[in-house]
Structure formats: structure tokens, C-alpha cells
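Visitor: After the C-alpha cells below, expect a handful of questions from me.
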Amino acid sequence: MRTLIVQLPTDLPHPAMAYPHAVVGDEPMAQAVKLQWAAGSLLPRTAAPAETVALVPAAALSWHRVELPAGLHKQPARWQAALQGLLEDRLLDDPSQLHLALQPDWHNTPRPWVAVCDRAWLSAHLQALEQAGVQVHRIVPELLPPLNAAPTRITALGDANNAWAWVSHAERGVWGQAFNTATPQLAALGLSDEERSLAVVQAEPGVVQALSERMDLPARLMAPGQHWLDAIGSDWDLAQFELRANAQTRRLKQLQRGLDSAWRSPAWRPARWGVLLLVVTQLAGLNAWAWKTRADWQTQQQGWAQMLRETFPQTQVVVDAPLQMAQQVERLRQGSGQLGAGDLETLLAALGQALPADLAIPRQWTYQTGQLRVQGFKPSASQQQSLQQSLSIQGYQWRAEGDAWLMRLTPPPEAKP
């Protein structure tokens, strides 16, 4: 997955501002970073990289450790207010004007880190990048405090005329000091002799010699932008609280732009033709299936009509062959004096055959053509189930209707085209 890394300058955005950026490939940790500078409108579009990461410079962040109240992780609505209350006495500005972000997996950390930066500054840069067509997916700090009691790191960035030495301390966070060729010893970094001797010191090529001379410690050469790869390789994401909702909106807009690009871009023309061919094939298959189903139904209807005319030649017009056949058979039955399935005697005989042995035939009933209404009859649940199953086998329905029970013929299924 390709990633576009854009470092946010510490100044507020303006039309002439150039953003340091780099594009890394599928395995960023195994490659060098090629730093470039470009205005927001000239940055690589997000259609090429799969992810865009905004890098918040170390100079724009302050770090604080907090002890969160027990059970706070179960109350997401209180997270931001709780952080503002805990940090109110430590911050120079009003916490409501600052953006706060908790470290990853803070639920399982006794004293998690909180990164703090100016909310208006961060929002202005995100908005400027969005207006330039660059959709930010993640926001990460440039330098991080070491986790799990890792050794202190000293990172020197810049060149001989504009250099910064940054300290990443497991207990005190991240802080830095500017230096140049005229700066004396860097004792003001605030580290004890033991911490300085155990620290991991690394520096970019432009400042490696100056740092080694002023700290009297050997500094490991670090490729320019290498610390960017360490930053995006972490699980940090500063897009929390109100910026999280904005991030979801940005992802939705990016999806809309991606769909629009897939619809209009010449590069997607083969895919569009493939989708169109698939849709046409499916429509043709559905139409063929519907035509065959209708033809089978018409053939069945014609067969019923032919059977009706052969059995009852006096039938002149065929509208509903199965229904007309049933009516003609009913007339023949009535003419011969035979009992039908809907006659009273047949209904009573079927009910008597279906009744459980411990139930007698009810005495209160009312007969209408094709149905029998039974009153004063209170079978148990098991008896009701047995009665219903037995009558269903004989072709009758048995159901409750108010305080009575209704028995009638099961209607034949409707013919469907």
C-alpha cells in the first residue's frame, strides 16, 4: 500500500506555503525517503497513494501523562471533558481551544500519554489540504515518547544553520532545543549524565558532526526523513473527538471522488465495459428465464383448458379452467345425490374421526355451506394441536375464531403465472 506523508508547517496555511512530503511504497521501513516540497495544490493526488498521513511536527506538540478515572473507558461521551479537567492546570492555554489525543491502547495503560496541540492551527491545515484535493486519512506525531521503558532517544534534525535536538523520554515526553555552529555544549537538554550516556543518539547528515561535538557523544547517521517512517509505523492517530467525525466525512468525500473517477477516467474504461457487459448478460438471462416460465405457464393453462373441453364439451368459454372444472364436478355430484367434502354430514364425520379419544363431539355448532362453527368447546393445547393435524390431513382447516372454533375446507392454492 502506497502512503503519502505530508508534514504540516508550524505556521498557519497561506497560498504560497510549501508542504514537505514524501511517497513511500508497500514496505516503507525497507526504503529511503525522498523528501520533496510542493504547494498544497501540487501535492500527489490521493488516487495514487492508498493512504495519506499528516505529520504533526514535534515543535507543535506538548506531551502529558494523566491518571484517568476508573471506568472512564466505558463512557466515551466524557473522555474529552475528563482530559480537559485533568490538564487544565498544566496548560498555558484554555483546554477548550486545544486539541487533545490519547495514546493507542490507553484503556490498558495506567498512565497514558496525551498529545496536545493548537486546534485552530491543526484544523486550518486539514481544511487547506482538503480544499487542495488531498484527503487526510491519519494524523500522527513526528516524534513519540518511547513506550515500555525503552531507552531515551536524542534525534537531531535539520542542517548546520537550522538544527534541532529532540529528546524522546519515556517519562517526560518529547522536548527539543535549537542549536547551530555557534551554540555551546547542549547541556540544557535536561538529561542527567547517566541518561546521556545510555541514550540512543541519531542525527541527519547535515547535523551529525555538530551534534557529536556539542554532546561529546557519538551520533549514529540517520537518513533524512527516516523518523517519518518510524512515525507512520506506530499506531498513533491524533484524529480523535471532533476530528474523528471530520475524518469520517473526509473518507466519505474521498469515496465519492473515487467513484466519480472510476466512472469518468479513461483508465477505468475496460472495467466499466466489463461491468456493463455483466449487467447486460444478467438482464438477458433474467428475460430468458421469465419468457420460459411464462411459456410453461401458458402451456399448462392450455392443457387444463383442453382437458375441460374434452371432459365437459358443453363448456363454450374457458376463463379459469381449474375453477370451472371444479364447478362442473360439483354439479355432477349434486345431481347424483353424493355427499361433498363441504356437506354437514362429511364435516361431522371428519371432526368425529379427528377428535381425541377423551373428547366428545361438541353439541353446540352452526353449519354454513362449506364450514362448521363449533361453540362451547375448550380443548387443551395438546388436544388442539392433535385435532388440527388430523383435520389438516383430511383437507380441512381448524382455527379459533373469537370464543368459537371454525372448521372448513382448505382452499386450493392459487395458480401463478
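Chain lettering (A, B, ...) mirrors the order of the C-alpha cells, residue numbering begins at 1 for each chain separately, and ligand numbering begins at 1 in order of display.
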Pick out the residues sitting within 10 Å of stretch 399-402 of chain A, and hand them over as a list in words; count only C-alpha atoms, and ignore anything fewer than 2 positions along from it in its own chain.

Guide: Arg373, Val374, Gln375, Gln384, Gln388, Gln397, Ala404, Trp405, Leu406, Met407 and Arg408 of chain A

Visitor: Write a file of the just-selected residues containing N, CA and C atoms, as a compact mmCIF listing (two decimals), in the first residue's frame.

Guide:
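selection08.txt, freshly written:
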# COMPACT_ATOMS: atom_id res chain seq x y z
N ARG A 373 -69.12 -24.12 12.50
CA ARG A 373 -68.71 -23.30 13.63
C ARG A 373 -69.10 -24.02 14.91
N VAL A 374 -68.10 -24.33 15.75
CA VAL A 374 -68.31 -25.10 16.98
C VAL A 374 -68.16 -24.16 18.17
N GLN A 375 -69.14 -24.21 19.11
CA GLN A 375 -69.12 -23.37 20.30
C GLN A 375 -69.19 -24.24 21.56
N GLN A 384 -55.73 -29.57 21.01
CA GLN A 384 -55.94 -28.67 19.89
C GLN A 384 -54.94 -28.97 18.78
N GLN A 388 -55.92 -30.35 15.07
CA GLN A 388 -55.58 -29.56 13.89
C GLN A 388 -54.78 -30.38 12.89
N GLN A 397 -59.34 -27.02 7.47
CA GLN A 397 -58.70 -26.06 8.37
C GLN A 397 -59.44 -26.05 9.70
N ALA A 404 -65.29 -19.26 19.65
CA ALA A 404 -65.71 -20.47 18.94
C ALA A 404 -64.55 -21.02 18.12
N TRP A 405 -64.82 -22.18 17.49
CA TRP A 405 -63.84 -22.82 16.61
C TRP A 405 -64.48 -22.97 15.24
N LEU A 406 -63.66 -22.75 14.19
CA LEU A 406 -64.18 -22.81 12.82
C LEU A 406 -63.47 -23.91 12.06
N MET A 407 -64.29 -24.78 11.43
CA MET A 407 -63.77 -25.87 10.60
C MET A 407 -64.29 -25.66 9.18
N ARG A 408 -63.38 -25.67 8.19
CA ARG A 408 -63.79 -25.51 6.81
C ARG A 408 -62.76 -26.15 5.89

Visitor: Could you pull the residues within 6 Å of stretch 166-175 of chain A, counting only C-alpha atoms, minus those fewer than 4 positions along the same chain, as a ChimeraX atom specification?

Guide: /A:63,145-146,149,152-155

Visitor: Output C-alpha atoms for every residue in that selection, as a compact mmCIF listing (two decimals), in the first residue's frame.

Guide:
# COMPACT_ATOMS: atom_id res chain seq x y z
CA TRP A 63 3.13 15.73 25.95
CA PRO A 145 7.81 9.17 23.68
CA PRO A 146 9.35 5.69 23.97
CA ALA A 149 10.68 1.88 29.47
CA THR A 152 15.92 7.70 25.81
CA ARG A 153 16.42 8.81 22.21
CA ILE A 154 18.09 12.01 21.00
CA THR A 155 17.27 12.91 17.41

Visitor: Just want the 10 Å neighbourhood of A:Ala59, counted on only C-alpha atoms, with same-chain residues fewer than 5 positions away dropped. Output as a PyMOL selection string.

Guide: chain A and resi 9-10+117+142-143+164+166+174-177

Visitor: Write out as number ranges by chain the set of residues from stretch 12-143 of chain A that DSSP, computed on the backbone, places in strand (DSSP E or B).

Guide: A: 18-24, 36-39, 51-56, 62-65, 98-102, 113-118, 138-141

Visitor: Take the selection from the previous step and output its residues with C-alpha atoms, as a PDB file, in the first residue's frame.

Guide:
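Output (out09.pdb):
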ATOM      1  CA  ALA A  18       5.113  24.630   0.543  1.00  0.00           C
ATOM      2  CA  TYR A  19       4.485  21.313   2.295  1.00  0.00           C
ATOM      3  CA  PRO A  20       7.348  18.857   2.882  1.00  0.00           C
ATOM      4  CA  HIS A  21       6.130  15.463   1.684  1.00  0.00           C
ATOM      5  CA  ALA A  22       7.212  12.032   0.542  1.00  0.00           C
ATOM      6  CA  VAL A  23       5.611   8.993  -1.072  1.00  0.00           C
ATOM      7  CA  VAL A  24       6.616   5.559   0.225  1.00  0.00           C
ATOM      8  CA  GLN A  36      10.090  16.968  -1.646  1.00  0.00           C
ATOM      9  CA  TRP A  37       8.356  20.317  -1.218  1.00  0.00           C
ATOM     10  CA  ALA A  38       5.213  21.463  -3.015  1.00  0.00           C
ATOM     11  CA  ALA A  39       2.224  23.718  -2.574  1.00  0.00           C
ATOM     12  CA  GLU A  51      -3.278   6.373   2.352  1.00  0.00           C
ATOM     13  CA  THR A  52      -2.436   9.976   3.206  1.00  0.00           C
ATOM     14  CA  VAL A  53      -0.814  10.693   6.584  1.00  0.00           C
ATOM     15  CA  ALA A  54      -0.499  14.194   8.048  1.00  0.00           C
ATOM     16  CA  LEU A  55       2.657  14.517  10.160  1.00  0.00           C
ATOM     17  CA  VAL A  56       2.387  16.946  13.092  1.00  0.00           C
ATOM     18  CA  SER A  62       3.311  19.006  24.036  1.00  0.00           C
ATOM     19  CA  TRP A  63       3.127  15.726  25.947  1.00  0.00           C
ATOM     20  CA  HIS A  64       1.435  14.987  29.270  1.00  0.00           C
ATOM     21  CA  ARG A  65       0.834  11.855  31.295  1.00  0.00           C
ATOM     22  CA  LEU A  98      -6.612  22.881  22.231  1.00  0.00           C
ATOM     23  CA  HIS A  99      -6.830  19.503  20.548  1.00  0.00           C
ATOM     24  CA  LEU A 100      -6.168  16.530  22.831  1.00  0.00           C
ATOM     25  CA  ALA A 101      -5.429  12.968  21.739  1.00  0.00           C
ATOM     26  CA  LEU A 102      -4.856   9.804  23.784  1.00  0.00           C
ATOM     27  CA  TRP A 113       0.196   9.828  27.212  1.00  0.00           C
ATOM     28  CA  VAL A 114      -1.886  12.745  25.937  1.00  0.00           C
ATOM     29  CA  ALA A 115      -0.651  14.735  22.930  1.00  0.00           C
ATOM     30  CA  VAL A 116      -1.752  18.397  22.863  1.00  0.00           C
ATOM     31  CA  CYS A 117      -1.647  20.916  20.007  1.00  0.00           C
ATOM     32  CA  ASP A 118      -3.463  24.039  18.844  1.00  0.00           C
ATOM     33  CA  ARG A 138      -4.480   9.614   9.597  1.00  0.00           C
ATOM     34  CA  ILE A 139      -2.702  12.221  11.744  1.00  0.00           C
ATOM     35  CA  VAL A 140       0.475  11.131  13.533  1.00  0.00           C
ATOM     36  CA  PRO A 141       3.120  12.909  15.681  1.00  0.00           C
TER      37      PRO A 141
END

Visitor: For the atom pair atom CA of A:Phe179 and atom CA of A:Asn161, what is the interatomic distance in Å to one decimal place?

Guide: 8.0 Å

Visitor: Let me make sure I understand: among A:Ala199, A:Arg119, A:Leu351, A:Leu87, which one has the smallest atom-to-atom distance to A:Ala150 if we use only C-alpha atoms?

Guide: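 The closest residue to A:Ala150 is A:Ala199.
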
Visitor: Name all residues at most 12 Å from A:Gln306 (count only C-alpha atoms; drop same-chain ones fewer than 3 positions away) and give them as a PyMOL selection string.

Guide: chain A and resi 299-303+309-313+315-318+320-322+325

Visitor: With N, CA and C atoms kept, could you save the residues just selected as a CSV table (one decimal), in the first residue's frame?

Guide:
chain,number,residue,atom,x,y,z
A,299,THR,N,-48.5,-23.1,-21.4
A,299,THR,CA,-48.7,-24.5,-21.9
A,299,THR,C,-49.6,-25.2,-20.9
A,300,GLN,N,-49.4,-25.0,-19.6
A,300,GLN,CA,-50.2,-25.6,-18.5
A,300,GLN,C,-51.6,-25.2,-18.6
A,301,GLN,N,-51.8,-23.9,-18.8
A,301,GLN,CA,-53.2,-23.4,-18.9
A,301,GLN,C,-53.9,-23.9,-20.1
A,302,GLN,N,-53.2,-24.1,-21.2
A,302,GLN,CA,-53.8,-24.6,-22.4
A,302,GLN,C,-54.2,-26.1,-22.2
A,303,GLY,N,-53.3,-26.8,-21.4
A,303,GLY,CA,-53.6,-28.2,-21.1
A,303,GLY,C,-54.8,-28.4,-20.3
A,309,ARG,N,-62.5,-28.9,-21.9
A,309,ARG,CA,-63.4,-29.1,-23.1
A,309,ARG,C,-63.6,-30.5,-23.4
A,310,GLU,N,-62.6,-31.4,-23.3
A,310,GLU,CA,-62.8,-32.8,-23.6
A,310,GLU,C,-63.7,-33.5,-22.5
A,311,THR,N,-63.6,-33.1,-21.3
A,311,THR,CA,-64.4,-33.7,-20.2
A,311,THR,C,-65.9,-33.2,-20.2
A,312,PHE,N,-66.0,-31.9,-20.4
A,312,PHE,CA,-67.3,-31.2,-20.4
A,312,PHE,C,-67.4,-30.4,-21.8
A,313,PRO,N,-67.9,-31.1,-22.8
A,313,PRO,CA,-67.9,-30.5,-24.1
A,313,PRO,C,-68.9,-29.3,-24.2
A,315,THR,N,-68.9,-26.8,-22.4
A,315,THR,CA,-68.3,-25.5,-22.0
A,315,THR,C,-67.9,-24.7,-23.2
A,316,GLN,N,-68.4,-23.5,-23.4
A,316,GLN,CA,-68.1,-22.7,-24.5
A,316,GLN,C,-66.9,-21.8,-24.3
A,317,VAL,N,-66.9,-21.1,-23.2
A,317,VAL,CA,-65.8,-20.1,-22.9
A,317,VAL,C,-65.0,-20.6,-21.7
A,318,VAL,N,-63.7,-20.6,-21.8
A,318,VAL,CA,-62.8,-21.0,-20.8
A,318,VAL,C,-62.1,-19.8,-20.2
A,320,ASP,N,-61.2,-19.7,-16.3
A,320,ASP,CA,-60.4,-20.3,-15.3
A,320,ASP,C,-60.6,-21.8,-15.3
A,321,ALA,N,-59.8,-22.5,-16.1
A,321,ALA,CA,-60.1,-24.0,-16.3
A,321,ALA,C,-60.2,-24.8,-15.0
A,322,PRO,N,-59.3,-24.6,-14.0
A,322,PRO,CA,-59.4,-25.4,-12.8
A,322,PRO,C,-60.7,-25.1,-12.0
A,325,MET,N,-63.7,-26.5,-13.9
A,325,MET,CA,-63.7,-28.0,-13.8
A,325,MET,C,-64.3,-28.4,-12.4

Visitor: Which residues, written as a VMD selection string, have at least one atom at most 9 Å from A:Leu409, with only C-alpha atoms counted and residues fewer than 4 positions away on the same chain left out?

Guide: chain A and resid 341 to 342 347 370 to 371 395 to 397

Visitor: Restricting the calculation to only C-alpha atoms: of A:Leu359, A:Gln7, A:Ser197, A:Ala350, which residue gets closest to A:Ser390?

Guide: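 Result for the nearest residue to A:Ser390: A:Ala350.
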
Visitor: Can you pull out every residue within 7 Å of A:Leu157, counting only C-alpha atoms, but drop anything in the same chain fewer than 6 positions away, and send it as a CSV table (one decimal) with all heavy atoms, in the first residue's frame?

Guide:
chain,number,residue,atom,x,y,z
A,163,ALA,N,19.2,23.8,13.1
A,163,ALA,CA,19.2,22.4,13.7
A,163,ALA,C,18.4,22.4,15.0
A,163,ALA,O,18.4,23.3,15.7
A,163,ALA,CB,20.6,21.9,13.9
A,164,TRP,N,17.8,21.2,15.2
A,164,TRP,CA,17.1,21.0,16.5
A,164,TRP,C,17.5,19.6,17.0
A,164,TRP,O,17.6,18.6,16.3
A,164,TRP,CB,15.6,21.0,16.2
A,164,TRP,CG,15.0,22.4,16.3
A,164,TRP,CD1,14.9,23.3,15.2
A,164,TRP,CD2,14.3,23.0,17.4
A,164,TRP,NE1,14.3,24.4,15.6
A,164,TRP,CE2,13.9,24.2,17.0
A,164,TRP,CE3,14.0,22.6,18.7
A,164,TRP,CZ2,13.2,25.1,17.8
A,164,TRP,CZ3,13.3,23.4,19.5
A,164,TRP,CH2,12.9,24.7,19.1
A,165,ALA,N,17.7,19.6,18.3
A,165,ALA,CA,18.0,18.3,19.0
A,165,ALA,C,16.7,18.0,19.8
A,165,ALA,O,16.3,18.8,20.7
A,165,ALA,CB,19.2,18.4,19.9
A,203,ALA,N,21.3,11.3,14.1
A,203,ALA,CA,21.2,12.7,13.5
A,203,ALA,C,21.2,12.5,12.0
A,203,ALA,O,21.8,11.6,11.4
A,203,ALA,CB,22.4,13.5,14.0
A,204,GLU,N,20.6,13.5,11.4
A,204,GLU,CA,20.6,13.6,9.9
A,204,GLU,C,22.0,14.0,9.5
A,204,GLU,O,22.8,14.6,10.3
A,204,GLU,CB,19.5,14.5,9.4
A,204,GLU,CG,18.1,14.0,9.7
A,204,GLU,CD,17.0,14.9,9.2
A,204,GLU,OE1,17.3,16.1,9.0
A,204,GLU,OE2,15.9,14.4,8.9
A,207,VAL,N,23.7,17.5,10.4
A,207,VAL,CA,23.9,18.0,11.8
A,207,VAL,C,24.6,16.9,12.6
A,207,VAL,O,24.8,17.1,13.8
A,207,VAL,CB,22.6,18.3,12.5
A,207,VAL,CG1,22.0,19.6,11.9
A,207,VAL,CG2,21.6,17.2,12.4

Visitor: I'd like to know which of A:Glu88, A:Asp237, A:Asp11, A:Asp193 is closest to A:Gln103, using only C-alpha atoms.

Guide: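 Nearest candidate to A:Gln103 out of A:Glu88, A:Asp237, A:Asp11, A:Asp193: A:Asp237.
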
Visitor: Considering only helix (DSSP H, G or I) as DSSP defines it on the backbone, what residues of stretch 115-283 of chain A qualify? List them as a ChimeraX atom specification.

Guide: /A:119-131,187-189,193-198,208-215,226-232,242-264,266-283
